[in-house]
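Chemist: Just one file: coords_39.tsv, with TSV, C-alpha atoms and all ligand atoms.
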```
chain	number	residue	atom	x	y	z
R	1	MET	CA	-42.39	21.69	11.13
R	2	VAL	CA	-42.87	20.10	14.53
R	3	SER	CA	-44.93	22.11	17.01
R	4	SER	CA	-43.75	22.55	20.61
R	5	ALA	CA	-46.71	20.42	21.81
R	6	GLU	CA	-45.65	17.57	19.52
R	7	MET	CA	-42.08	17.96	20.72
R	8	ARG	CA	-43.28	17.57	24.33
R	9	THR	CA	-45.24	14.42	23.40
R	10	LYS	CA	-42.25	12.93	21.60
R	11	LYS	CA	-39.97	13.73	24.53
R	12	SER	CA	-42.36	12.15	27.03
R	13	LYS	CA	-42.63	9.02	24.85
R	14	LEU	CA	-38.86	8.84	24.72
R	15	LYS	CA	-38.67	9.16	28.48
R	16	LYS	CA	-41.33	6.46	28.99
R	17	ALA	CA	-39.57	3.86	26.85
R	18	PRO	CA	-36.90	2.85	29.41
R	19	ALA	CA	-39.56	2.82	32.15
R	20	LYS	CA	-41.64	0.34	30.15
R	21	LYS	CA	-38.57	-1.80	29.65
R	22	ALA	CA	-37.89	-1.76	33.38
R	23	ALA	CA	-41.50	-2.70	34.12
R	24	ARG	CA	-41.31	-5.61	31.72
R	25	LYS	CA	-38.12	-6.75	33.44
R	26	ALA	CA	-39.65	-6.53	36.89
R	27	ALA	CA	-42.90	-8.28	35.93
R	28	PRO	CA	-43.17	-11.82	37.22
R	29	LYS	CA	-42.28	-14.33	34.57
R	30	ARG	CA	-44.95	-16.77	33.42
R	31	ALA	CA	-45.40	-19.54	35.97
R	32	PRO	CA	-43.13	-22.44	35.08
R	33	ARG	CA	-44.71	-25.55	33.70
R	34	PRO	CA	-45.02	-28.18	36.42
R	35	ARG	CA	-41.92	-30.37	36.43
R	36	SER	CA	-44.10	-33.34	35.67
R	37	ALA	CA	-45.81	-31.82	32.64
R	38	ALA	CA	-45.71	-34.00	29.54
R	39	ARG	CA	-44.58	-32.14	26.44
R	40	GLY	CA	-47.44	-30.76	24.40
R	41	VAL	CA	-50.08	-31.52	27.02
R	42	LYS	CA	-51.71	-28.69	28.94
R	43	PRO	CA	-52.32	-29.39	32.62
R	44	SER	CA	-56.07	-29.40	33.33
R	45	ALA	CA	-57.92	-28.46	36.52
R	46	ILE	CA	-57.22	-30.90	39.33
R	47	ALA	CA	-60.18	-33.17	40.15
R	48	ALA	CA	-61.94	-32.56	43.47
R	49	GLY	CA	-60.91	-35.98	44.74
R	50	ALA	CA	-57.23	-35.35	44.16
R	51	THR	CA	-56.49	-33.41	47.33
R	52	PRO	CA	-53.06	-34.22	48.80
R	53	ALA	CA	-54.59	-35.91	51.86
R	54	ARG	CA	-56.93	-38.09	49.80
R	55	VAL	CA	-54.17	-39.00	47.34
R	56	ARG	CA	-51.97	-40.02	50.29
R	57	ALA	CA	-54.78	-42.19	51.63
R	58	ILE	CA	-55.29	-43.87	48.24
R	59	LEU	CA	-51.56	-44.54	47.85
R	60	LYS	CA	-51.40	-46.00	51.36
R	61	LYS	CA	-54.29	-48.37	50.63
R	62	LEU	CA	-52.76	-49.44	47.32
R	63	ASP	CA	-49.41	-50.07	49.04
R	64	GLU	CA	-51.17	-52.23	51.62
R	65	ALA	CA	-53.02	-54.25	48.97
R	66	TYR	CA	-50.33	-54.50	46.29
R	67	PRO	CA	-46.86	-53.87	47.76
R	68	ASN	CA	-45.17	-55.89	45.00
R	69	ALA	CA	-47.27	-55.03	41.97
R	70	THR	CA	-45.31	-55.29	38.77
R	71	CYS	CA	-45.69	-55.78	35.04
R	72	GLU	CA	-47.37	-59.08	34.18
R	73	LEU	CA	-45.94	-59.40	30.67
R	74	ASP	CA	-43.23	-62.09	30.60
R	75	HIS	CA	-39.89	-60.78	29.34
R	76	ASP	CA	-36.14	-61.20	29.86
R	77	ASN	CA	-35.01	-57.78	28.67
R	78	ALA	CA	-36.17	-54.32	27.56
R	79	PHE	CA	-36.53	-55.38	23.93
R	80	GLN	CA	-38.80	-58.33	24.74
R	81	LEU	CA	-40.86	-56.08	27.00
R	82	LEU	CA	-41.25	-53.57	24.17
R	83	ILE	CA	-42.47	-56.28	21.77
R	84	ALA	CA	-44.80	-57.78	24.39
R	85	THR	CA	-46.25	-54.35	25.16
R	86	ILE	CA	-46.90	-53.66	21.46
R	87	LEU	CA	-48.67	-57.03	21.25
R	88	SER	CA	-50.72	-56.32	24.38
R	89	ALA	CA	-52.85	-53.61	22.73
R	90	GLN	CA	-56.48	-54.79	22.87
R	91	CYS	CA	-55.29	-58.15	24.21
R	92	THR	CA	-54.87	-59.75	27.63
R	93	ASP	CA	-51.42	-60.21	29.15
R	94	VAL	CA	-52.20	-63.92	29.57
R	95	ARG	CA	-52.74	-64.29	25.81
R	96	VAL	CA	-49.62	-62.26	25.01
R	97	ASN	CA	-47.56	-64.45	27.35
R	98	GLN	CA	-48.84	-67.57	25.59
R	99	VAL	CA	-47.75	-66.14	22.24
R	100	THR	CA	-44.35	-64.80	23.35
R	101	LYS	CA	-43.48	-68.15	24.94
R	102	THR	CA	-42.79	-69.50	21.45
R	103	LEU	CA	-42.24	-66.15	19.69
R	104	PHE	CA	-39.16	-65.05	21.64
R	105	PRO	CA	-37.22	-68.30	21.13
R	106	LYS	CA	-38.05	-68.12	17.41
R	107	TYR	CA	-36.92	-64.48	17.12
R	108	PRO	CA	-34.18	-64.21	19.76
R	109	ALA	CA	-32.67	-60.82	18.81
R	110	PRO	CA	-33.93	-57.45	17.53
R	111	LYS	CA	-32.47	-58.17	14.09
R	112	ASP	CA	-34.59	-61.34	13.85
R	113	PHE	CA	-37.76	-59.27	14.19
R	114	ALA	CA	-36.35	-56.41	12.09
R	115	TYR	CA	-35.88	-58.54	9.00
R	116	ALA	CA	-38.61	-61.12	9.61
R	117	ASN	CA	-40.92	-62.29	6.86
R	118	PRO	CA	-44.05	-60.17	7.51
R	119	ALA	CA	-46.50	-62.87	6.38
R	120	GLU	CA	-44.89	-65.38	8.72
R	121	LEU	CA	-44.72	-62.98	11.65
R	122	GLU	CA	-48.39	-62.10	11.12
R	123	GLN	CA	-49.31	-65.73	11.66
R	124	ASP	CA	-46.98	-66.03	14.66
R	125	ILE	CA	-48.71	-63.17	16.49
R	126	ARG	CA	-52.21	-63.67	15.07
R	127	PRO	CA	-53.80	-64.78	18.40
R	128	THR	CA	-53.09	-61.32	19.90
R	129	GLY	CA	-55.44	-59.63	17.41
R	130	PHE	CA	-54.81	-56.68	15.07
R	131	PHE	CA	-51.93	-58.81	13.82
R	132	ARG	CA	-51.31	-56.92	10.56
R	133	ASN	CA	-50.83	-53.56	12.26
R	134	LYS	CA	-48.88	-55.14	15.09
R	135	THR	CA	-46.57	-56.84	12.58
R	136	LYS	CA	-45.86	-53.48	10.97
R	137	SER	CA	-45.14	-51.93	14.38
R	138	VAL	CA	-42.93	-54.82	15.55
R	139	ILE	CA	-40.87	-54.89	12.35
R	140	GLY	CA	-40.71	-51.07	12.10
R	141	ALA	CA	-39.67	-50.59	15.73
R	142	SER	CA	-37.12	-53.42	15.58
R	143	ARG	CA	-35.61	-52.12	12.37
R	144	LYS	CA	-35.17	-48.65	13.83
R	145	ILE	CA	-33.65	-50.08	17.00
R	146	VAL	CA	-31.16	-52.11	14.94
R	147	GLU	CA	-30.33	-49.43	12.39
R	148	GLU	CA	-30.44	-46.26	14.50
R	149	PHE	CA	-30.02	-47.26	18.14
R	150	GLY	CA	-27.30	-49.92	17.87
R	151	GLY	CA	-29.68	-52.75	18.74
R	152	GLU	CA	-30.54	-51.23	22.17
R	153	VAL	CA	-33.99	-50.06	23.21
R	154	PRO	CA	-33.59	-46.30	23.78
R	155	ARG	CA	-33.88	-44.88	27.28
R	156	THR	CA	-35.64	-41.59	26.64
R	157	MET	CA	-39.28	-40.79	26.00
R	158	ASP	CA	-38.52	-38.83	22.82
R	159	ASP	CA	-36.44	-41.64	21.29
R	160	LEU	CA	-39.02	-44.26	22.21
R	161	LEU	CA	-41.82	-42.19	20.73
R	162	SER	CA	-39.87	-42.08	17.46
R	163	LEU	CA	-40.33	-45.86	17.07
R	164	PRO	CA	-43.22	-46.99	14.87
R	165	GLY	CA	-46.21	-48.18	16.90
R	166	VAL	CA	-44.91	-46.74	20.19
R	167	ALA	CA	-47.00	-44.18	22.07
R	168	ARG	CA	-46.66	-42.85	25.63
R	169	LYS	CA	-48.29	-45.88	27.25
R	170	THR	CA	-45.81	-48.33	25.73
R	171	ALA	CA	-42.89	-45.98	26.33
R	172	ASN	CA	-43.85	-45.57	30.00
R	173	VAL	CA	-44.11	-49.35	30.45
R	174	VAL	CA	-40.64	-49.90	28.98
R	175	LEU	CA	-38.93	-46.99	30.74
R	176	GLY	CA	-40.53	-47.77	34.11
R	177	THR	CA	-40.36	-51.56	34.17
R	178	ALA	CA	-37.20	-52.29	32.18
R	179	TYR	CA	-35.09	-49.27	33.14
R	180	GLY	CA	-36.65	-47.98	36.38
R	181	ILE	CA	-37.09	-44.54	34.82
R	182	ALA	CA	-40.21	-42.69	36.03
R	183	SER	CA	-41.14	-40.86	32.86
R	184	GLY	CA	-44.89	-40.76	33.38
R	185	VAL	CA	-47.86	-42.85	34.43
R	186	VAL	CA	-48.99	-45.81	32.33
R	187	VAL	CA	-52.57	-45.11	31.31
R	188	ASP	CA	-54.19	-48.26	30.00
R	189	THR	CA	-57.87	-49.15	30.11
R	190	HIS	CA	-57.70	-50.03	33.84
R	191	VAL	CA	-55.89	-46.86	34.87
R	192	GLN	CA	-58.29	-44.86	32.72
R	193	ARG	CA	-61.32	-46.38	34.49
R	194	LEU	CA	-59.91	-46.32	38.03
R	195	ALA	CA	-58.53	-42.80	37.87
R	196	ASN	CA	-62.07	-41.67	37.09
R	197	ARG	CA	-63.77	-43.89	39.69
R	198	LEU	CA	-61.37	-42.63	42.34
R	199	ASP	CA	-61.95	-39.04	41.17
R	200	LEU	CA	-58.28	-38.39	40.47
R	201	THR	CA	-59.27	-37.01	37.07
R	202	ARG	CA	-62.38	-35.80	35.27
R	203	ASN	CA	-60.90	-36.54	31.84
R	204	SER	CA	-61.39	-39.45	29.48
R	205	ASP	CA	-58.48	-38.79	27.12
R	206	PRO	CA	-55.48	-40.92	28.20
R	207	LYS	CA	-53.00	-38.08	27.60
R	208	LYS	CA	-54.97	-35.74	29.85
R	209	ILE	CA	-55.50	-38.44	32.47
R	210	GLU	CA	-51.76	-39.07	32.55
R	211	GLN	CA	-51.13	-35.36	32.93
R	212	ASP	CA	-53.64	-35.14	35.80
R	213	LEU	CA	-52.07	-38.10	37.59
R	214	MET	CA	-48.55	-36.74	37.09
R	215	GLN	CA	-49.64	-33.55	38.81
R	216	VAL	CA	-50.97	-35.21	41.97
R	217	ILE	CA	-48.96	-38.43	42.36
R	218	PRO	CA	-45.37	-37.98	43.61
R	219	GLN	CA	-42.92	-38.88	40.84
R	220	GLU	CA	-41.21	-41.56	42.91
R	221	LYS	CA	-44.54	-43.42	43.00
R	222	TRP	CA	-45.38	-43.22	39.28
R	223	ILE	CA	-44.00	-46.66	38.35
R	224	LEU	CA	-45.48	-48.62	41.25
R	225	PHE	CA	-48.75	-46.66	41.22
R	226	SER	CA	-49.31	-47.59	37.54
R	227	HIS	CA	-48.87	-51.30	38.30
R	228	GLN	CA	-51.00	-51.08	41.43
R	229	LEU	CA	-53.94	-49.49	39.62
R	230	ILE	CA	-53.67	-52.06	36.83
R	231	TRP	CA	-53.64	-54.90	39.37
R	232	HIS	CA	-56.58	-53.42	41.26
R	233	GLY	CA	-58.48	-52.99	37.99
R	234	ARG	CA	-57.90	-56.61	37.04
R	235	ARG	CA	-58.58	-58.17	40.40
R	236	VAL	CA	-61.17	-56.02	42.22
R	237	CYS	CA	-62.26	-52.82	40.49
R	238	VAL	CA	-63.26	-54.61	37.30
R	239	ALA	CA	-65.10	-52.81	34.52
R	240	ARG	CA	-68.51	-54.35	35.05
R	241	LYS	CA	-69.77	-54.85	38.58
R	242	PRO	CA	-66.67	-53.83	40.55
R	243	ARG	CA	-66.13	-56.02	43.62
R	244	CYS	CA	-66.51	-53.17	46.09
R	245	VAL	CA	-67.23	-55.50	48.96
R	246	GLU	CA	-63.65	-56.83	48.64
R	247	CYS	CA	-62.08	-53.41	48.07
R	248	ASN	CA	-59.86	-51.82	50.70
R	249	LEU	CA	-60.46	-48.40	49.11
R	250	GLU	CA	-64.22	-48.65	49.58
R	251	ARG	CA	-64.41	-46.18	52.46
R	252	ILE	CA	-62.74	-43.44	50.49
R	253	CYS	CA	-64.38	-44.23	47.15
R	254	TYR	CA	-67.57	-42.49	46.04
R	255	ALA	CA	-67.71	-43.77	42.45
R	256	LYS	CA	-71.17	-43.58	40.90
R	257	ASP	CA	-71.04	-47.25	39.87
R	258	LYS	CA	-70.00	-48.61	43.26
R	259	THR	CA	-71.81	-51.87	43.96
R	260	ILE	CA	-72.30	-51.34	47.71
M	301	LIG	S1	-65.06	-49.21	46.04
M	301	LIG	FE1	-65.66	-50.25	44.15
M	301	LIG	S2	-65.61	-48.69	42.59
M	301	LIG	FE2	-64.47	-47.90	44.32
M	301	LIG	S3	-62.33	-48.46	43.91
M	301	LIG	FE3	-63.21	-50.09	45.14
M	301	LIG	S4	-63.95	-51.61	43.68
M	301	LIG	FE4	-63.63	-49.70	42.56
```
Spell out the structure here as structure tokens.

Modeler:
Amino acid sequence: MVSSAEMRTKKSKLKKAPAKKAARKAAPKRAPRPRSAARGVKPSAIAAGATPARVRAILKKLDEAYPNATCELDHDNAFQLLIATILSAQCTDVRVNQVTKTLFPKYPAPKDFAYANPAELEQDIRPTGFFRNKTKSVIGASRKIVEEFGGEVPRTMDDLLSLPGVARKTANVVLGTAYGIASGVVVDTHVQRLANRLDLTRNSDPKKIEQDLMQVIPQEKWILFSHQLIWHGRRVCVARKPRCVECNLERICYAKDKTI
């Protein structure tokens, strides 16, 4: 038998239920993920050097120095750019351009790479290094493009990431340079180094660096900014002994390994 005290408790619980529901409804929803957030990557704390005013100053200096920065891999279309970018891993663009000069005429269409003789293709791309893995990626990506994407390089990050040998860096290069789609920031070895020297990130993992940059760089600048940092990293802010005396960012840079 239920006592009158228990009855009161039950009644009060029953009364409280709708109130709880209402409170849950009124509670602020979890803050939305920043629009720029890459799927599966948690935004990290913004680096001290990434204040809006300092970021604006850095972008202005980069615009002054490299107004026309662009991708330095030779290509005539999105597919060639994809292949060149796969080949550029751990290799200079100059070397890749030397190889693709004869490679692209020999394999003019995606189907030519898709059904190439692997042993022959390995030798064709050998000077770019890691030629066995790169051959697998080139053939795998080409085959998928031919068989699942109608011979066209896809235009979305998810579809590009489904291609063998394609990660965010390659996908960002293709989407940004070939299609003008700002899907993220290209984080190669130069961007990785410069983003740290300029204190736009405190991370070393490329995915986290990209996330940090996407949070502080306006989306309309992502494509150009990637090229500008790469150009600056190749020409001035080189890995060993950066040429700080020639650098127009010197006054706003406080990198530990500055040379002046
Ligand atoms: S001042 Fe030196 S370290 Fe800083 S961005 Fe310029 S070249 Fe790089």

Chemist: Check which residues fall inside 12 Å of ligand LIG 301 (chain M) when counting all atoms listed in the file, and print them as a short mmCIF file (atom, residue, chain, number, x, y, z; two decimals) with C-alpha atoms, in the frame of the given file.

Modeler:
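Just written: result09.cif:
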```
data_model
loop_
_atom_site.label_atom_id
_atom_site.label_comp_id
_atom_site.auth_asym_id
_atom_site.auth_seq_id
_atom_site.Cartn_x
_atom_site.Cartn_y
_atom_site.Cartn_z
CA ILE R 58 -55.29 -43.87 48.24
CA LYS R 61 -54.29 -48.37 50.63
CA LEU R 62 -52.76 -49.44 47.32
CA ALA R 65 -53.02 -54.25 48.97
CA HIS R 190 -57.70 -50.03 33.84
CA VAL R 191 -55.89 -46.86 34.87
CA ARG R 193 -61.32 -46.38 34.49
CA LEU R 194 -59.91 -46.32 38.03
CA ALA R 195 -58.53 -42.80 37.87
CA ASN R 196 -62.07 -41.67 37.09
CA ARG R 197 -63.77 -43.89 39.69
CA LEU R 198 -61.37 -42.63 42.34
CA ASP R 199 -61.95 -39.04 41.17
CA LEU R 200 -58.28 -38.39 40.47
CA GLN R 228 -51.00 -51.08 41.43
CA LEU R 229 -53.94 -49.49 39.62
CA ILE R 230 -53.67 -52.06 36.83
CA TRP R 231 -53.64 -54.90 39.37
CA HIS R 232 -56.58 -53.42 41.26
CA GLY R 233 -58.48 -52.99 37.99
CA ARG R 234 -57.90 -56.61 37.04
CA ARG R 235 -58.58 -58.17 40.40
CA VAL R 236 -61.17 -56.02 42.22
CA CYS R 237 -62.26 -52.82 40.49
CA VAL R 238 -63.26 -54.61 37.30
CA ALA R 239 -65.10 -52.81 34.52
CA ARG R 240 -68.51 -54.35 35.05
CA LYS R 241 -69.77 -54.85 38.58
CA PRO R 242 -66.67 -53.83 40.55
CA ARG R 243 -66.13 -56.02 43.62
CA CYS R 244 -66.51 -53.17 46.09
CA VAL R 245 -67.23 -55.50 48.96
CA GLU R 246 -63.65 -56.83 48.64
CA CYS R 247 -62.08 -53.41 48.07
CA ASN R 248 -59.86 -51.82 50.70
CA LEU R 249 -60.46 -48.40 49.11
CA GLU R 250 -64.22 -48.65 49.58
CA ARG R 251 -64.41 -46.18 52.46
CA ILE R 252 -62.74 -43.44 50.49
CA CYS R 253 -64.38 -44.23 47.15
CA TYR R 254 -67.57 -42.49 46.04
CA ALA R 255 -67.71 -43.77 42.45
CA LYS R 256 -71.17 -43.58 40.90
CA ASP R 257 -71.04 -47.25 39.87
CA LYS R 258 -70.00 -48.61 43.26
CA THR R 259 -71.81 -51.87 43.96
CA ILE R 260 -72.30 -51.34 47.71
#
```

Chemist: Hey, can you check how far CA of Ser88 in chain R sits from CA of Gln215 in chain R?

Modeler: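 A separation of 27.0 Å between them.
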
Chemist: Find the distance between CA of Leu87 in chain R and CA of Thr128 in chain R and write it in Å to one decimal.

Modeler: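 Rounded to one decimal, the two atoms are 6.3 Å apart.
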
Chemist: Return the single residue from R:Arg202, R:Ala119, R:Phe104, R:Val185 that is closest to Pro218 in chain R, with distances computed using all atoms listed in the file.

Modeler: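 Closest to Pro218 in chain R of all the choices is R:Val185.
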
Chemist: Nearest to Asp74 in chain R: which of R:Asn133, R:Thr102, R:Gln90, R:Gln211 is it, counting all atoms listed in the file?

Modeler: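 For Asp74 in chain R, the nearest of the candidates is R:Thr102.
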
Chemist: In Å, rounded to a single decimal, give me how far CA of Ala167 in chain R is from CA of Glu147 in chain R.

Modeler: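 We find that CA of Glu147 in chain R and CA of Ala167 in chain R lie 20.0 Å from each other.
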
Chemist: Which is closer to Tyr107 in chain R than all the others in R:Ile86, R:Ile125, R:Leu224, R:Ala171, using all atoms listed in the file?

Modeler: R:Ile125

Chemist: Which centre and which edge lengths, in Å to one decimal, describe the axis-aligned box that holds all listed atoms of range 178-196 of chain R after 6 Å is added on each side, as JSON?

Modeler:
```
{"center_x": -48.6, "center_y": -46.5, "center_z": 34.0, "size_x": 39.0, "size_y": 23.5, "size_z": 20.0}
```

Chemist: Pick out the closest residue to Thr51 in chain R from this set: R:His75, R:Trp222, R:Val99, R:Thr201. Count all atoms listed in the file.

Modeler: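 Of all the options, R:Thr201 lies closest to Thr51 in chain R.
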
Chemist: Pick the closest to Tyr115 in chain R from R:Ala89, R:Phe225, R:Val146, R:Ala182: which is it, counting only C-alpha atoms?

Modeler: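 Counting only C-alpha atoms, the residue closest to Tyr115 in chain R is R:Val146.
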
Chemist: Of the residues R:Asn117, R:Thr156, R:Ala50, R:Glu148, which is the one nearest to Asp212 in chain R, using only C-alpha atoms?

Modeler: R:Ala50

Chemist: Near Ala84 in chain R, counting only C-alpha atoms, which residues have an atom at most 9 Å away, once you skip same-chain residues fewer than 4 positions from it, shown as a PyMOL selection string?

Modeler: chain R and resi 73-75+79-80+88+93+96-97+100

Chemist: Env of Leu59 in chain R: 9 Å cut, atoms = all atoms listed in the file, seq-sep filter 3 positions within chain, self excluded. Answer as a tab-separated table (two decimals) with C-alpha atoms, in the coordinates of the input.

Modeler:
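The resulting file, around_17.tsv, is reproduced below:
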```tsv
chain	number	residue	atom	x	y	z
R	54	ARG	CA	-56.93	-38.09	49.80
R	55	VAL	CA	-54.17	-39.00	47.34
R	56	ARG	CA	-51.97	-40.02	50.29
R	62	LEU	CA	-52.76	-49.44	47.32
R	63	ASP	CA	-49.41	-50.07	49.04
R	64	GLU	CA	-51.17	-52.23	51.62
R	217	ILE	CA	-48.96	-38.43	42.36
R	221	LYS	CA	-44.54	-43.42	43.00
R	225	PHE	CA	-48.75	-46.66	41.22
```
